[in-house]
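What's in data06.pdb: PDB, C-alpha atoms
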```pdb
ATOM      1  CA  MET A 760      42.992 235.541 193.584  1.00  0.00           C
ATOM      2  CA  LEU A 761      46.538 235.999 192.373  1.00  0.00           C
ATOM      3  CA  SER A 762      48.788 233.784 194.387  1.00  0.00           C
ATOM      4  CA  MET A 763      52.186 234.878 193.161  1.00  0.00           C
ATOM      5  CA  LEU A 764      53.629 237.816 191.303  1.00  0.00           C
ATOM      6  CA  ALA A 765      57.129 237.232 190.035  1.00  0.00           C
ATOM      7  CA  ARG A 766      59.562 238.974 187.761  1.00  0.00           C
ATOM      8  CA  PHE A 767      62.171 237.126 185.771  1.00  0.00           C
ATOM      9  CA  THR A 768      65.547 238.793 186.187  1.00  0.00           C
ATOM     10  CA  SER A 769      68.875 237.486 184.990  1.00  0.00           C
ATOM     11  CA  ARG A 770      67.113 234.341 183.760  1.00  0.00           C
ATOM     12  CA  THR A 771      66.140 233.507 187.356  1.00  0.00           C
ATOM     13  CA  PRO A 772      62.669 234.184 188.703  1.00  0.00           C
ATOM     14  CA  GLU A 773      62.572 236.588 191.613  1.00  0.00           C
ATOM     15  CA  LEU A 774      59.468 236.143 193.743  1.00  0.00           C
ATOM     16  CA  ALA A 775      57.803 239.347 194.809  1.00  0.00           C
ATOM     17  CA  VAL A 776      54.676 238.154 196.650  1.00  0.00           C
ATOM     18  CA  VAL A 777      53.587 234.677 197.661  1.00  0.00           C
ATOM     19  CA  LEU A 778      50.076 234.292 199.037  1.00  0.00           C
ATOM     20  CA  ASP A 779      49.186 230.645 198.370  1.00  0.00           C
ATOM     21  CA  ALA A 780      49.721 227.836 195.869  1.00  0.00           C
ATOM     22  CA  GLY A 781      46.965 228.792 193.424  1.00  0.00           C
ATOM     23  CA  PRO A 782      47.198 230.518 190.023  1.00  0.00           C
ATOM     24  CA  ARG A 783      50.256 232.658 189.364  1.00  0.00           C
ATOM     25  CA  LEU A 784      50.977 235.763 187.327  1.00  0.00           C
ATOM     26  CA  PHE A 785      54.524 236.509 186.185  1.00  0.00           C
ATOM     27  CA  THR A 786      56.109 239.319 184.224  1.00  0.00           C
ATOM     28  CA  ILE A 787      59.017 238.654 181.896  1.00  0.00           C
ATOM     29  CA  GLY A 788      60.837 240.625 179.248  1.00  0.00           C
ATOM     30  CA  TYR A 789      62.686 238.913 176.432  1.00  0.00           C
ATOM     31  CA  GLN A 790      65.840 241.019 176.172  1.00  0.00           C
ATOM     32  CA  GLY A 791      68.918 238.874 176.641  1.00  0.00           C
ATOM     33  CA  TYR A 792      67.105 235.606 175.944  1.00  0.00           C
ATOM     34  CA  SER A 793      67.194 233.404 172.901  1.00  0.00           C
ATOM     35  CA  GLN A 794      63.726 232.182 171.968  1.00  0.00           C
ATOM     36  CA  HIS A 795      64.649 228.691 173.179  1.00  0.00           C
ATOM     37  CA  ALA A 796      65.883 229.967 176.573  1.00  0.00           C
ATOM     38  CA  TYR A 797      62.807 232.194 176.911  1.00  0.00           C
ATOM     39  CA  LEU A 798      60.400 229.303 176.345  1.00  0.00           C
ATOM     40  CA  LYS A 799      62.454 227.126 178.674  1.00  0.00           C
ATOM     41  CA  ALA A 800      62.143 229.788 181.402  1.00  0.00           C
ATOM     42  CA  LEU A 801      58.377 229.933 180.871  1.00  0.00           C
ATOM     43  CA  ALA A 802      58.112 226.139 181.027  1.00  0.00           C
ATOM     44  CA  ALA A 803      60.214 226.047 184.204  1.00  0.00           C
ATOM     45  CA  MET A 804      57.585 228.177 185.924  1.00  0.00           C
ATOM     46  CA  SER A 805      54.692 226.144 184.437  1.00  0.00           C
ATOM     47  CA  VAL A 806      53.418 229.120 182.425  1.00  0.00           C
ATOM     48  CA  THR A 807      50.360 228.156 180.355  1.00  0.00           C
ATOM     49  CA  VAL A 808      49.445 231.545 178.836  1.00  0.00           C
ATOM     50  CA  LEU A 809      51.824 234.218 177.548  1.00  0.00           C
ATOM     51  CA  CYS A 810      50.202 237.647 177.282  1.00  0.00           C
ATOM     52  CA  ASP A 811      52.226 239.866 174.953  1.00  0.00           C
ATOM     53  CA  LEU A 812      51.506 243.470 175.923  1.00  0.00           C
ATOM     54  CA  ARG A 813      53.570 245.154 173.228  1.00  0.00           C
ATOM     55  CA  ARG A 814      51.400 247.534 171.221  1.00  0.00           C
ATOM     56  CA  THR A 815      53.349 246.537 168.119  1.00  0.00           C
ATOM     57  CA  ALA A 816      54.695 243.013 168.596  1.00  0.00           C
ATOM     58  CA  VAL A 817      57.809 243.365 166.487  1.00  0.00           C
ATOM     59  CA  SER A 818      61.426 242.958 167.491  1.00  0.00           C
ATOM     60  CA  ARG A 819      64.911 243.352 166.083  1.00  0.00           C
ATOM     61  CA  ASP A 820      65.170 239.648 166.883  1.00  0.00           C
ATOM     62  CA  ALA A 821      62.770 238.000 164.422  1.00  0.00           C
ATOM     63  CA  ALA A 822      62.212 235.121 166.871  1.00  0.00           C
ATOM     64  CA  PHE A 823      60.293 237.531 169.113  1.00  0.00           C
ATOM     65  CA  ALA A 824      58.021 238.992 166.439  1.00  0.00           C
ATOM     66  CA  ARG A 825      54.355 238.178 167.115  1.00  0.00           C
ATOM     67  CA  LEU A 826      53.908 235.429 164.542  1.00  0.00           C
ATOM     68  CA  ALA A 827      57.201 233.636 165.304  1.00  0.00           C
ATOM     69  CA  LEU A 828      56.647 233.855 169.052  1.00  0.00           C
ATOM     70  CA  SER A 829      53.038 232.681 168.848  1.00  0.00           C
ATOM     71  CA  ARG A 830      54.074 229.671 166.731  1.00  0.00           C
ATOM     72  CA  ALA A 831      56.900 228.766 169.105  1.00  0.00           C
ATOM     73  CA  CYS A 832      54.560 229.064 172.072  1.00  0.00           C
ATOM     74  CA  ALA A 833      52.024 226.774 170.383  1.00  0.00           C
ATOM     75  CA  GLU A 834      54.757 224.187 169.777  1.00  0.00           C
ATOM     76  CA  ALA A 835      55.720 224.435 173.459  1.00  0.00           C
ATOM     77  CA  GLY A 836      52.112 224.017 174.600  1.00  0.00           C
ATOM     78  CA  ILE A 837      51.797 227.632 175.757  1.00  0.00           C
ATOM     79  CA  ARG A 838      48.817 229.743 174.747  1.00  0.00           C
ATOM     80  CA  TYR A 839      49.868 233.079 173.209  1.00  0.00           C
ATOM     81  CA  GLU A 840      47.666 236.166 173.524  1.00  0.00           C
ATOM     82  CA  HIS A 841      48.622 239.497 171.957  1.00  0.00           C
ATOM     83  CA  LEU A 842      46.891 242.063 174.177  1.00  0.00           C
ATOM     84  CA  TRP A 843      48.207 245.170 172.453  1.00  0.00           C
ATOM     85  CA  GLN A 844      45.520 247.307 174.097  1.00  0.00           C
ATOM     86  CA  LEU A 845      47.381 246.913 177.399  1.00  0.00           C
ATOM     87  CA  GLY A 846      50.689 248.061 175.925  1.00  0.00           C
ATOM     88  CA  ALA A 847      52.239 251.437 176.673  1.00  0.00           C
ATOM     89  CA  HIS A 848      51.908 254.049 173.945  1.00  0.00           C
ATOM     90  CA  SER A 849      55.258 254.215 172.154  1.00  0.00           C
ATOM     91  CA  GLU A 850      55.819 257.947 172.598  1.00  0.00           C
ATOM     92  CA  ARG A 851      55.109 257.646 176.318  1.00  0.00           C
ATOM     93  CA  SER A 852      57.195 254.477 176.562  1.00  0.00           C
ATOM     94  CA  ARG A 853      60.233 256.150 174.970  1.00  0.00           C
ATOM     95  CA  ALA A 854      59.918 259.011 177.441  1.00  0.00           C
ATOM     96  CA  GLY A 855      59.631 256.489 180.277  1.00  0.00           C
ATOM     97  CA  ARG A 856      62.990 254.947 179.482  1.00  0.00           C
ATOM     98  CA  LEU A 857      64.598 257.886 181.179  1.00  0.00           C
ATOM     99  CA  ARG A 858      64.813 256.979 184.851  1.00  0.00           C
ATOM    100  CA  GLU A 859      63.376 260.280 186.088  1.00  0.00           C
ATOM    101  CA  ARG A 860      60.308 259.818 183.880  1.00  0.00           C
ATOM    102  CA  ARG A 861      59.595 256.184 184.752  1.00  0.00           C
ATOM    103  CA  GLU A 862      57.261 257.044 187.653  1.00  0.00           C
ATOM    104  CA  SER A 863      55.382 259.454 185.389  1.00  0.00           C
ATOM    105  CA  LEU A 864      55.001 256.731 182.742  1.00  0.00           C
ATOM    106  CA  LEU A 865      53.678 254.233 185.284  1.00  0.00           C
ATOM    107  CA  GLU A 866      51.227 256.765 186.685  1.00  0.00           C
ATOM    108  CA  ASP A 867      50.036 257.640 183.167  1.00  0.00           C
ATOM    109  CA  TYR A 868      49.566 253.934 182.401  1.00  0.00           C
ATOM    110  CA  ARG A 869      47.631 253.378 185.613  1.00  0.00           C
ATOM    111  CA  LEU A 870      45.364 256.376 185.037  1.00  0.00           C
ATOM    112  CA  ARG A 871      44.925 256.389 181.238  1.00  0.00           C
ATOM    113  CA  THR A 872      45.410 252.848 179.942  1.00  0.00           C
ATOM    114  CA  LEU A 873      44.177 250.414 182.574  1.00  0.00           C
ATOM    115  CA  PRO A 874      40.779 252.041 183.293  1.00  0.00           C
ATOM    116  CA  ASN A 875      39.846 251.663 179.615  1.00  0.00           C
ATOM    117  CA  GLN A 876      40.658 247.952 179.487  1.00  0.00           C
ATOM    118  CA  LYS A 877      38.371 246.464 182.112  1.00  0.00           C
ATOM    119  CA  ALA A 878      37.147 243.642 179.831  1.00  0.00           C
ATOM    120  CA  LEU A 879      40.702 242.513 178.992  1.00  0.00           C
ATOM    121  CA  LEU A 880      41.752 242.639 182.632  1.00  0.00           C
ATOM    122  CA  GLU A 881      38.694 240.614 183.617  1.00  0.00           C
ATOM    123  CA  GLY A 882      39.588 238.107 180.885  1.00  0.00           C
ATOM    124  CA  ILE A 883      43.092 237.695 182.312  1.00  0.00           C
ATOM    125  CA  HIS A 884      41.590 237.270 185.765  1.00  0.00           C
ATOM    126  CA  GLY A 885      39.322 234.558 184.363  1.00  0.00           C
ATOM    127  CA  TRP A 886      42.298 232.734 182.849  1.00  0.00           C
ATOM    128  CA  LEU A 887      43.941 232.713 186.264  1.00  0.00           C
ATOM    129  CA  LEU A 888      40.859 231.193 187.866  1.00  0.00           C
ATOM    130  CA  ASN A 889      40.418 228.425 185.282  1.00  0.00           C
TER     131      ASN A 889
END
```

How does this structure look as structure tokens?
Amino acid sequence: MLSMLARFTSRTPELAVVLDAGPRLFTIGYQGYSQHAYLKALAAMSVTVLCDLRRTAVSRDAAFARLALSRACAEAGIRYEHLWQLGAHSERSRAGRLRERRESLLEDYRLRTLPNQKALLEGIHGWLLN
């Protein structure tokens, strides 16, 4: 059972739901962070697995490209998983950046992406239980 869902905003975690003191699932973007500050934020919340959901794990900041981020996570004792199958399709994601289309993007993701990724979602659930 997920015990906490949190979102990191302004480099400070904002708790959304707290059910108990068991496993926790957080969401965090990397915009506005240096790699060092990002890993420090993850460590502060005792994150043990980072699931990168970008379909293409590249960035204008080379420190957040898949290989660099996975190496930095390993050095910090954090397991890195690139679960690109759970990422939003880029053409839909670009359309979703417009505020009026965000709800449409989320609905599309819920209906078209998540139902096809049951095994990955079950794997994440298993990580939370172990």

Exercise. Please provide the set of residues having any atom within 9 Å of stretch 806-822 of chain A, restricted to only C-alpha atoms, with same-chain residues fewer than 2 positions apart removed, written as number ranges by chain.
Key: A: 783-785, 793-794, 800-804, 824-829, 831-832, 836-849, 883, 886

Quiz prompt | For atom CA of A:Asn889 and atom CA of A:Glu834, the interatomic separation in Å (one decimal) | solution = 21.5 Å

Practice problem: One decimal, Å: what's the distance from atom CA of A:Ser805 over to atom CA of A:Ala835, could you say? | Solution: 11.2 Å

Exercise. Figure out the distance between atom CA of A:Pro782 and atom CA of A:Gly885, please, to one decimal in Å.
Key: 10.5 Å
